[in-house]
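Inspection log for the structure reproduced underneath, given as structure tokens.
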Amino acid sequence: MILSNISARVSNWSQGSKLYLSDLAAIALLLLPITLANSLAMLLGHAFNLLELDYVSKLMFYVANILINLYPTTFCIVASYYLAQKTNASSAIFIIYALVLFYILSFGNLGFSASFTLPNNPLLALLSAIVTYSYYKFFPIRLLDPNSFDFASRLIKYIGHIFCFLLIAIVLSQLVIYLGAYVKAGILSVGLDPLTFTGGLLYQTLLGVLGAVGINGHNMLFAVKQQIYADTMSNIDAWTAGEASLNVISQGFYDAFLSMGGSGNCISLLLCVLIFSQKYNHRMLAVVAIPMVMFNINEVLLFGLPILFNPILIVPFILVPLVSFVIVYACISLGIVSPIVSIVNWLTPPIFSGYFAMGEQFDGAILQVVVIIVGIFIYRPFYLAYSGRDFVSVDPSTRFSAAEGAIFSNVLRSVRDSANDNITQSTAQKQVAQILRQGQLVMFYQKIQSLQNQQQFNYEALIRYIDDSGKLCPPTFIADFQLLKAMPLLDKLVIELVLSDIQKIHLPLGGRVAINVSVASIEQADFVNHLLARLEHHGVSPSKIEIEITEEAMLSDKVYLTRVMTELQAKNIAISMDDFGSGYASFPHLLQYPFNKVKIDRSLLLDASSTKGREVYQLVAKLGHIANCRIVAEGVETQQEYEFVANSGVDLVQGYYLARPMPVESLACQQS
């Protein structure tokens, strides 16, 4: 039993980890445009420099500098937006929290770019988004609603929420400073010297690990890189003067042989995809990446496949440069090839860079070819495993996994869904804003007639919208309020309209106007107080009001809902269950809650065309009476339906057969 529980937890953790990593990969993919634009601007900058167009070249480098400095901030924003979709928090508020945390963490760690004073650590950007997500999961808070009865108390809670978050941010910044100093001390303690074999392997490993999570390792270890460059130039000058021999490892060693096609020797991955891939989209991606990779710019592959946060491709991404390091070091140390005599520009294409780095010797180019081929075969099994191809299978029908690319496809689908949700929410916001600012919300009232006494009747209040042109619109806009979680606002507007109209409506003794109230309003702590306050303000007796709640509300806290119903009934406000029998678990709810009235959903009436359906309808009516509730037949539209429900034991009838919903003016005219 214990082993099975442990196994289940490990499986859940593994699936969760895969989903988390694929989420990060999707986030990185969303940033592909900015990374591609940066690479293109830098490439054009060098091209214009070669053409001696200094002004245009500087302009391109300036654009590239802006883009690379904006990347961490945009990474934080996109990651925050994506994670905000997994919470009930507003995306805008979530992003603000994450950006504040990102700046605080960067300030404590001096992680700002010198040229634009922007945070420049993508890892801290990701950490900020994740911490904000965790904070909202553990400490959720409702958005402020100025129309809320308890707005003042909510505002105090909101201030406390922000204050606690800032305290956490400050504490976390100090922790990050401590961990950063600890890691730095640890690196220094092992004597990191990139010009030695052991130190070089460690340095290259750090570059690979940082690159695998989207951090430019050369920027993070800039001081180390500067020292490598200075030591290399000093060694070359001494060698030129005949005072020393050339070091095996140098700046040229790293640039010419460990960054071919960009970090991770991505030219090997590019060729691997072109040679072995059976996936059309991957081959097309590789073709598009060729011009960039030839100049050692690998963002297309990093973000397009992607390599970033990809648990499969990260392994060869780190491993290939390490194997290349060993091969090149061995060949130079053993005298198989000439030593490296110069530092070539990092944009110099592979093969050419090896040729020039070794003093225009072809053995440098040949060595690069060998390293590239070795890299191809190291990347091959990992790439094929990632792309879903079973490379050991001899059966062509089983060469592709049924879930080929499923992880990333699912994430992209999730990203698209989140984006579509955001578009839908944006559309809903515009429509709700238009409804609140233009046109007019009005109430229509439909008669609910007693079968026993024709002089006894009630009304149900139904919301409608009249646009600027005077056109009456159906209540489809309710879905927009639901999507924006703004039903409490709509319910309050409905209550105001009904209480304003009720003075114009003739009600018989005991007659009531039923108001539909959403789950969100029922769950608000101030609902009962607000309703009673508005009744008093309008001078309306609670005995004229009936609250209709749908069965969905009964899936919430039973104790709380029972308390709300009891408080309302104590003030002589009746409670009815709407849409009884439409779903969920109607019958237990009928016995659990103290309803005054039950409205049988029209769907049961439509099913009454069969003997079984008629018996079910009659049984539902009997159950309502057993629960001491009055029974309303909803949706009665024909004489035949009216006669059936009248013989089924219902007390009241509502539907087009008796009356259609009408505005209060028409209702008043009809009653007069």
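Chain lettering (A, B, ...) mirrors the order of the structure tokens, residue numbering begins at 1 for each chain separately, and ligand numbering begins at 1 in order of display.
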Could you please write out, as a ChimeraX atom specification, every residue of region 54-262 of chain A that DSSP assigns to alpha helix (DSSP H)? /A:54-84,91-108,122-138,151-189,197-212,217-220,222-240,251-257
Expected file: the selected residues, C-alpha atoms, as a compact mmCIF listing (two decimals), in the first residue's frame:
# COMPACT_ATOMS: atom_id res chain seq x y z
CA ASP A 54 28.56 53.34 -39.71
CA TYR A 55 25.34 55.25 -38.95
CA VAL A 56 23.03 52.42 -40.08
CA SER A 57 25.25 49.88 -38.32
CA LYS A 58 25.05 51.77 -35.02
CA LEU A 59 21.28 52.09 -35.43
CA MET A 60 20.93 48.32 -35.88
CA PHE A 61 23.11 47.62 -32.85
CA TYR A 62 21.04 50.10 -30.83
CA VAL A 63 17.82 48.28 -31.81
CA ALA A 64 19.41 44.94 -30.95
CA ASN A 65 20.51 46.32 -27.59
CA ILE A 66 17.00 47.55 -26.83
CA LEU A 67 15.46 44.18 -27.70
CA ILE A 68 17.92 42.10 -25.70
CA ASN A 69 17.42 44.36 -22.68
CA LEU A 70 13.63 44.16 -23.01
CA TYR A 71 13.68 40.36 -23.19
CA PRO A 72 13.77 39.61 -19.41
CA THR A 73 10.96 42.09 -18.69
CA THR A 74 8.80 40.73 -21.50
CA PHE A 75 9.61 37.21 -20.27
CA CYS A 76 8.29 38.19 -16.84
CA ILE A 77 5.13 39.72 -18.37
CA VAL A 78 4.36 36.76 -20.65
CA ALA A 79 5.08 34.19 -17.92
CA SER A 80 2.89 36.16 -15.50
CA TYR A 81 0.06 36.40 -17.99
CA TYR A 82 0.25 32.68 -18.71
CA LEU A 83 0.26 31.72 -15.02
CA ALA A 84 -2.50 34.22 -14.24
CA SER A 91 -4.10 39.22 -15.37
CA ALA A 92 -3.30 42.92 -15.10
CA ILE A 93 -2.96 42.83 -11.29
CA PHE A 94 -0.98 39.59 -11.46
CA ILE A 95 1.51 41.12 -13.92
CA ILE A 96 1.91 44.24 -11.76
CA TYR A 97 2.71 42.09 -8.72
CA ALA A 98 5.24 40.03 -10.69
CA LEU A 99 6.97 43.10 -12.17
CA VAL A 100 7.26 44.72 -8.73
CA LEU A 101 8.84 41.53 -7.40
CA PHE A 102 11.15 41.30 -10.43
CA TYR A 103 12.45 44.83 -9.85
CA ILE A 104 12.94 44.23 -6.12
CA LEU A 105 14.86 41.00 -6.72
CA SER A 106 16.97 42.64 -9.44
CA PHE A 107 17.72 45.68 -7.30
CA GLY A 108 18.96 43.52 -4.46
CA PRO A 122 15.51 36.00 -17.15
CA LEU A 123 15.84 33.50 -14.32
CA LEU A 124 14.72 36.14 -11.81
CA ALA A 125 11.91 37.06 -14.21
CA LEU A 126 10.68 33.48 -14.17
CA LEU A 127 11.11 33.25 -10.41
CA SER A 128 9.04 36.42 -9.96
CA ALA A 129 6.15 35.00 -12.00
CA ILE A 130 6.23 31.67 -10.14
CA VAL A 131 6.37 33.30 -6.69
CA THR A 132 3.44 35.56 -7.62
CA TYR A 133 1.48 32.53 -8.81
CA SER A 134 2.19 30.69 -5.54
CA TYR A 135 1.23 33.75 -3.50
CA TYR A 136 -2.13 34.05 -5.27
CA LYS A 137 -2.78 30.33 -4.87
CA PHE A 138 -2.21 30.45 -1.11
CA PHE A 151 -15.90 48.04 0.01
CA ALA A 152 -14.06 49.67 2.94
CA SER A 153 -13.21 46.35 4.60
CA ARG A 154 -12.13 44.86 1.26
CA LEU A 155 -9.86 47.85 0.65
CA ILE A 156 -8.15 47.26 4.01
CA LYS A 157 -7.68 43.59 3.11
CA TYR A 158 -6.27 44.61 -0.27
CA ILE A 159 -3.74 46.93 1.35
CA GLY A 160 -2.73 44.11 3.71
CA HIS A 161 -2.42 41.73 0.74
CA ILE A 162 -0.03 44.09 -1.06
CA PHE A 163 1.93 44.85 2.11
CA CYS A 164 2.49 41.14 2.85
CA PHE A 165 3.58 40.57 -0.75
CA LEU A 166 6.13 43.38 -0.48
CA LEU A 167 7.50 41.90 2.75
CA ILE A 168 7.87 38.53 1.03
CA ALA A 169 9.59 40.25 -1.93
CA ILE A 170 12.11 41.96 0.37
CA VAL A 171 12.84 38.75 2.29
CA LEU A 172 13.16 36.81 -0.96
CA SER A 173 15.55 39.41 -2.40
CA GLN A 174 17.83 38.97 0.60
CA LEU A 175 17.65 35.20 0.22
CA VAL A 176 18.57 35.46 -3.46
CA ILE A 177 21.50 37.72 -2.57
CA TYR A 178 22.69 35.17 -0.05
CA LEU A 179 22.31 32.24 -2.44
CA GLY A 180 24.03 34.18 -5.24
CA ALA A 181 26.98 34.99 -2.98
CA TYR A 182 27.09 31.35 -1.82
CA VAL A 183 27.15 30.03 -5.38
CA LYS A 184 29.77 32.58 -6.42
CA ALA A 185 31.93 31.65 -3.44
CA GLY A 186 31.48 27.98 -4.32
CA ILE A 187 32.65 28.57 -7.88
CA LEU A 188 35.67 30.56 -6.69
CA SER A 189 36.51 27.89 -4.11
CA PHE A 197 41.20 21.54 -18.75
CA THR A 198 39.12 21.03 -15.57
CA GLY A 199 38.23 24.70 -15.17
CA GLY A 200 37.33 24.94 -18.85
CA LEU A 201 34.92 21.99 -18.61
CA LEU A 202 33.28 23.54 -15.57
CA TYR A 203 33.02 26.93 -17.27
CA GLN A 204 31.51 25.39 -20.40
CA THR A 205 29.05 23.38 -18.29
CA LEU A 206 27.88 26.55 -16.57
CA LEU A 207 27.40 28.25 -19.95
CA GLY A 208 25.34 25.31 -21.18
CA VAL A 209 23.14 25.09 -18.08
CA LEU A 210 22.45 28.82 -18.12
CA GLY A 211 21.71 28.78 -21.85
CA ALA A 212 19.28 25.89 -21.38
CA GLY A 217 25.84 32.72 -19.85
CA HIS A 218 28.42 35.05 -21.36
CA ASN A 219 26.55 37.99 -19.80
CA MET A 220 26.19 36.25 -16.45
CA PHE A 222 31.05 38.48 -18.15
CA ALA A 223 33.93 39.10 -15.71
CA VAL A 224 35.25 35.59 -16.41
CA LYS A 225 34.95 36.13 -20.16
CA GLN A 226 36.84 39.43 -19.91
CA GLN A 227 39.64 37.67 -18.06
CA ILE A 228 39.78 34.93 -20.70
CA TYR A 229 40.06 37.55 -23.43
CA ALA A 230 42.76 39.52 -21.60
CA ASP A 231 44.80 36.38 -20.84
CA THR A 232 44.46 35.22 -24.44
CA MET A 233 45.65 38.52 -25.88
CA SER A 234 48.56 38.57 -23.44
CA ASN A 235 49.52 35.01 -24.40
CA ILE A 236 49.32 35.78 -28.14
CA ASP A 237 51.49 38.88 -27.68
CA ALA A 238 54.06 36.84 -25.72
CA TRP A 239 54.01 34.09 -28.38
CA THR A 240 54.45 36.65 -31.16
CA GLN A 251 39.18 32.82 -26.27
CA GLY A 252 39.58 31.59 -29.83
CA PHE A 253 39.24 28.00 -28.55
CA TYR A 254 35.76 28.78 -27.12
CA ASP A 255 34.57 30.96 -29.99
CA ALA A 256 35.71 28.79 -32.89
CA PHE A 257 34.92 25.28 -31.60
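Nearest-residue note for Val632 (chain A): choosing from A:Glu523, A:Asp607, A:Glu299, A:Asp601, the minimum distance belongs to A:Asp601, counting only C-alpha atoms.
In terms of minimum interatomic distance to Ile378 (chain A), A:Pro321 ranks closest within A:Gly261, A:Pro321, A:Gly45, A:Gly304, counting only C-alpha atoms.
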Write out as a ChimeraX atom specification the residues lying within 8 Å of Val528 (chain A), counting only C-alpha atoms and excluding same-chain residues fewer than 5 positions away. /A:564,567-568
Compile the contact shell of region 287-294 of chain A as a PyMOL selection string: residues with an atom at most 7 Å away, counting only C-alpha atoms, same-chain residues fewer than 4 positions apart removed. chain A and resi 261-262+267+283+298+300-301+349-350
